[in-house]
Each structure stands twice: as structure tokens, then as C-alpha cells.
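K.L.:
Handing you a structure now.
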Amino acid sequence: WDGKFEFAFTPGVSDRRGFLLVDSIGPDELRLIGSGNVHFSKEFLRRVYRGTAWYQAMEQAKSLAKSRGVKDWKKICKDELGQSPGKLPAEAFENARLMYPSLANGLARLFLGKDVYPGVPSVSELCQRIQGAL
């Protein structure tokens, strides 16, 4: 879908600076979209919480923080609106836990011809699981 890479300048030779990658490259930086238009990143976790009282309070807290010129919307959400996120459902937690090994296996199959994490669902299988849970 899209992605971001963060670099820093490094000292160079003859007034030419180099570049150095300073952040990880993974599903959260790349915002991958899998089969069934499933967000194969932390976005699927955000979707788990949409429609909850906490999510509505979070949106309200962000608006209040902006109107007040403060950055700490989390404090407003918790202290003033009395909301914090509920525990992540077990199925969503398990799908999140499997995301990185599933991607690693997909890449390992392409480049090594084998899985590096046995017993982990493929990316397409995990996308189906995530889609079914939302």
C-alpha cells in the first residue's frame, strides 16, 4: 500500500554526506495489504477497537486536546472521560502474534525454499483468519 523509511546523514568524503537507515523495515512501516484487502499491519488491531466506547472517547479526547492546545489526549481520555482500551480479544492477540512469523515464512519460502517458523499459517491463511475475525 505504502511505506516509510527513515534515514540519517552520515559524515562523508569530499563534502558528500552518506545515508544510514535508522529505523526498522517491517509491516508497520510498510502498511501491507493482504488478500481480501486485509491490512497486514497494526491497522487490523485498530479496527478491533473501532466502535467501542474507548474508541469514541479517544476521538473526543483528541479533539479536546487539539482545542486546548495540548498533546496529551491519553490523559484526557483516561482521567476526564474515564475510558481506556479493553483487553485485546484472544483471537486478535493470536493473529497479531502470528503476523511477523507468517511474513518471515513467506519471504523464507521465496528466498530459502523453506519455512523458518514451522506450523505458522501462510500470509493468505492469516489474512483469511483476520478477515473472519473483524
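Order determines the names: the first chain of the C-alpha cells is A, the second B, and so forth; residues in each chain are numbered 1 upward, and ligands are numbered 1 upward as they are shown.
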Which residues are close to A:Leu98, i.e. within 12 Å by only C-alpha atoms, leaving aside same-chain residues fewer than 5 positions away? Reply as a PyMOL selection string.
P.N.:
chain A and resi 40-41+91-93+103-105+117-123+125-127+129-130
K.L.:
What lies within 10 Å of stretch 56-69 of chain A using only C-alpha atoms, ignoring chain neighbours under 4 positions off, as a PyMOL selection string?
P.N.:
chain A and resi 49-52+73-78+80-85
K.L.:
Using only C-alpha atoms, which protein or nucleic acid residues come within 7 Å of stretch 26-34 of chain A? Drop anything in the same chain fewer than 2 positions from it, and give the result as an NGL selection string.
P.N.:
:A and (1-4 or 24 or 36-42 or 124 or 127)
K.L.:
For the selection you just gave me, I'd like the residues written to a file as a PDB file, in the first residue's frame, keeping N, CA, C and O atoms.
P.N.:
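File produced: selection_2.pdb:
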```
ATOM      1  N   TRP A   1       0.835  -1.179   0.000  1.00  0.00           N
ATOM      2  CA  TRP A   1       0.000   0.000   0.000  1.00  0.00           C
ATOM      3  C   TRP A   1       0.875   1.234   0.000  1.00  0.00           C
ATOM      4  O   TRP A   1       0.842   2.015  -0.921  1.00  0.00           O
ATOM      5  N   ASP A   2       1.636   1.420   1.062  1.00  0.00           N
ATOM      6  CA  ASP A   2       2.625   2.497   1.109  1.00  0.00           C
ATOM      7  C   ASP A   2       3.633   2.171   2.200  1.00  0.00           C
ATOM      8  O   ASP A   2       3.530   1.152   2.864  1.00  0.00           O
ATOM      9  N   GLY A   3       4.584   3.037   2.370  1.00  0.00           N
ATOM     10  CA  GLY A   3       5.590   2.771   3.379  1.00  0.00           C
ATOM     11  C   GLY A   3       6.419   3.997   3.673  1.00  0.00           C
ATOM     12  O   GLY A   3       6.282   5.033   3.024  1.00  0.00           O
ATOM     13  N   LYS A   4       7.245   3.854   4.684  1.00  0.00           N
ATOM     14  CA  LYS A   4       8.150   4.947   5.035  1.00  0.00           C
ATOM     15  C   LYS A   4       9.488   4.345   5.435  1.00  0.00           C
ATOM     16  O   LYS A   4       9.563   3.255   5.980  1.00  0.00           O
ATOM     17  N   SER A  24      13.534   0.414  11.586  1.00  0.00           N
ATOM     18  CA  SER A  24      13.293  -0.933  11.074  1.00  0.00           C
ATOM     19  C   SER A  24      12.448  -0.874   9.807  1.00  0.00           C
ATOM     20  O   SER A  24      11.814   0.135   9.507  1.00  0.00           O
ATOM     21  N   GLY A  36      -7.956 -10.309   0.304  1.00  0.00           N
ATOM     22  CA  GLY A  36      -9.211  -9.882   0.912  1.00  0.00           C
ATOM     23  C   GLY A  36      -9.143  -8.452   1.423  1.00  0.00           C
ATOM     24  O   GLY A  36      -9.956  -8.030   2.239  1.00  0.00           O
ATOM     25  N   ASN A  37      -8.140  -7.691   0.963  1.00  0.00           N
ATOM     26  CA  ASN A  37      -7.956  -6.295   1.365  1.00  0.00           C
ATOM     27  C   ASN A  37      -7.734  -6.153   2.868  1.00  0.00           C
ATOM     28  O   ASN A  37      -8.133  -5.179   3.487  1.00  0.00           O
ATOM     29  N   VAL A  38      -7.098  -7.158   3.464  1.00  0.00           N
ATOM     30  CA  VAL A  38      -6.802  -7.156   4.901  1.00  0.00           C
ATOM     31  C   VAL A  38      -5.523  -6.376   5.142  1.00  0.00           C
ATOM     32  O   VAL A  38      -4.512  -6.604   4.474  1.00  0.00           O
ATOM     33  N   HIS A  39      -5.581  -5.456   6.096  1.00  0.00           N
ATOM     34  CA  HIS A  39      -4.387  -4.719   6.491  1.00  0.00           C
ATOM     35  C   HIS A  39      -3.490  -5.655   7.278  1.00  0.00           C
ATOM     36  O   HIS A  39      -3.854  -6.109   8.355  1.00  0.00           O
ATOM     37  N   PHE A  40      -2.341  -5.959   6.718  1.00  0.00           N
ATOM     38  CA  PHE A  40      -1.404  -6.873   7.353  1.00  0.00           C
ATOM     39  C   PHE A  40      -0.379  -6.042   8.114  1.00  0.00           C
ATOM     40  O   PHE A  40       0.813  -6.030   7.814  1.00  0.00           O
ATOM     41  N   SER A  41      -0.893  -5.301   9.092  1.00  0.00           N
ATOM     42  CA  SER A  41      -0.090  -4.418   9.931  1.00  0.00           C
ATOM     43  C   SER A  41      -0.884  -4.164  11.200  1.00  0.00           C
ATOM     44  O   SER A  41      -1.957  -4.728  11.388  1.00  0.00           O
ATOM     45  N   LYS A  42      -0.388  -3.267  12.042  1.00  0.00           N
ATOM     46  CA  LYS A  42      -1.111  -2.974  13.277  1.00  0.00           C
ATOM     47  C   LYS A  42      -2.459  -2.307  13.019  1.00  0.00           C
ATOM     48  O   LYS A  42      -3.272  -2.203  13.931  1.00  0.00           O
ATOM     49  N   SER A 124      -1.679 -15.675   3.287  1.00  0.00           N
ATOM     50  CA  SER A 124      -3.068 -15.690   2.812  1.00  0.00           C
ATOM     51  C   SER A 124      -3.999 -16.361   3.826  1.00  0.00           C
ATOM     52  O   SER A 124      -5.127 -15.908   4.028  1.00  0.00           O
ATOM     53  N   CYS A 127      -4.510 -13.852   6.615  1.00  0.00           N
ATOM     54  CA  CYS A 127      -5.424 -12.799   6.149  1.00  0.00           C
ATOM     55  C   CYS A 127      -6.876 -13.260   6.244  1.00  0.00           C
ATOM     56  O   CYS A 127      -7.749 -12.490   6.655  1.00  0.00           O
TER      57      CYS A 127
END
```
K.L.:
If you run DSSP over the backbone, which residues in stretch 3-33 of chain A end up helix (DSSP H, G or I)? Put them as JSON, numbers by chain.
P.N.:
{"A": [27, 28, 29, 30]}
K.L.:
Keeping only N, CA, C and O atoms, write those residues as a PDB file, in the first residue's frame.
P.N.:
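To be explicit, this is the file written out as selection08.pdb:
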```pdb
ATOM      1  N   PRO A  27       6.168  -4.684   8.699  1.00  0.00           N
ATOM      2  CA  PRO A  27       4.785  -4.446   8.290  1.00  0.00           C
ATOM      3  C   PRO A  27       4.219  -3.120   8.791  1.00  0.00           C
ATOM      4  O   PRO A  27       3.367  -2.532   8.137  1.00  0.00           O
ATOM      5  N   ASP A  28       4.680  -2.634   9.922  1.00  0.00           N
ATOM      6  CA  ASP A  28       4.135  -1.373  10.426  1.00  0.00           C
ATOM      7  C   ASP A  28       4.654  -0.174   9.645  1.00  0.00           C
ATOM      8  O   ASP A  28       3.972   0.829   9.529  1.00  0.00           O
ATOM      9  N   GLU A  29       5.855  -0.276   9.102  1.00  0.00           N
ATOM     10  CA  GLU A  29       6.393   0.807   8.290  1.00  0.00           C
ATOM     11  C   GLU A  29       5.918   0.715   6.845  1.00  0.00           C
ATOM     12  O   GLU A  29       5.888   1.709   6.135  1.00  0.00           O
ATOM     13  N   LEU A  30       5.560  -0.482   6.406  1.00  0.00           N
ATOM     14  CA  LEU A  30       5.180  -0.685   5.015  1.00  0.00           C
ATOM     15  C   LEU A  30       3.670  -0.705   4.793  1.00  0.00           C
ATOM     16  O   LEU A  30       3.222  -0.582   3.671  1.00  0.00           O
TER      17      LEU A  30
END
```
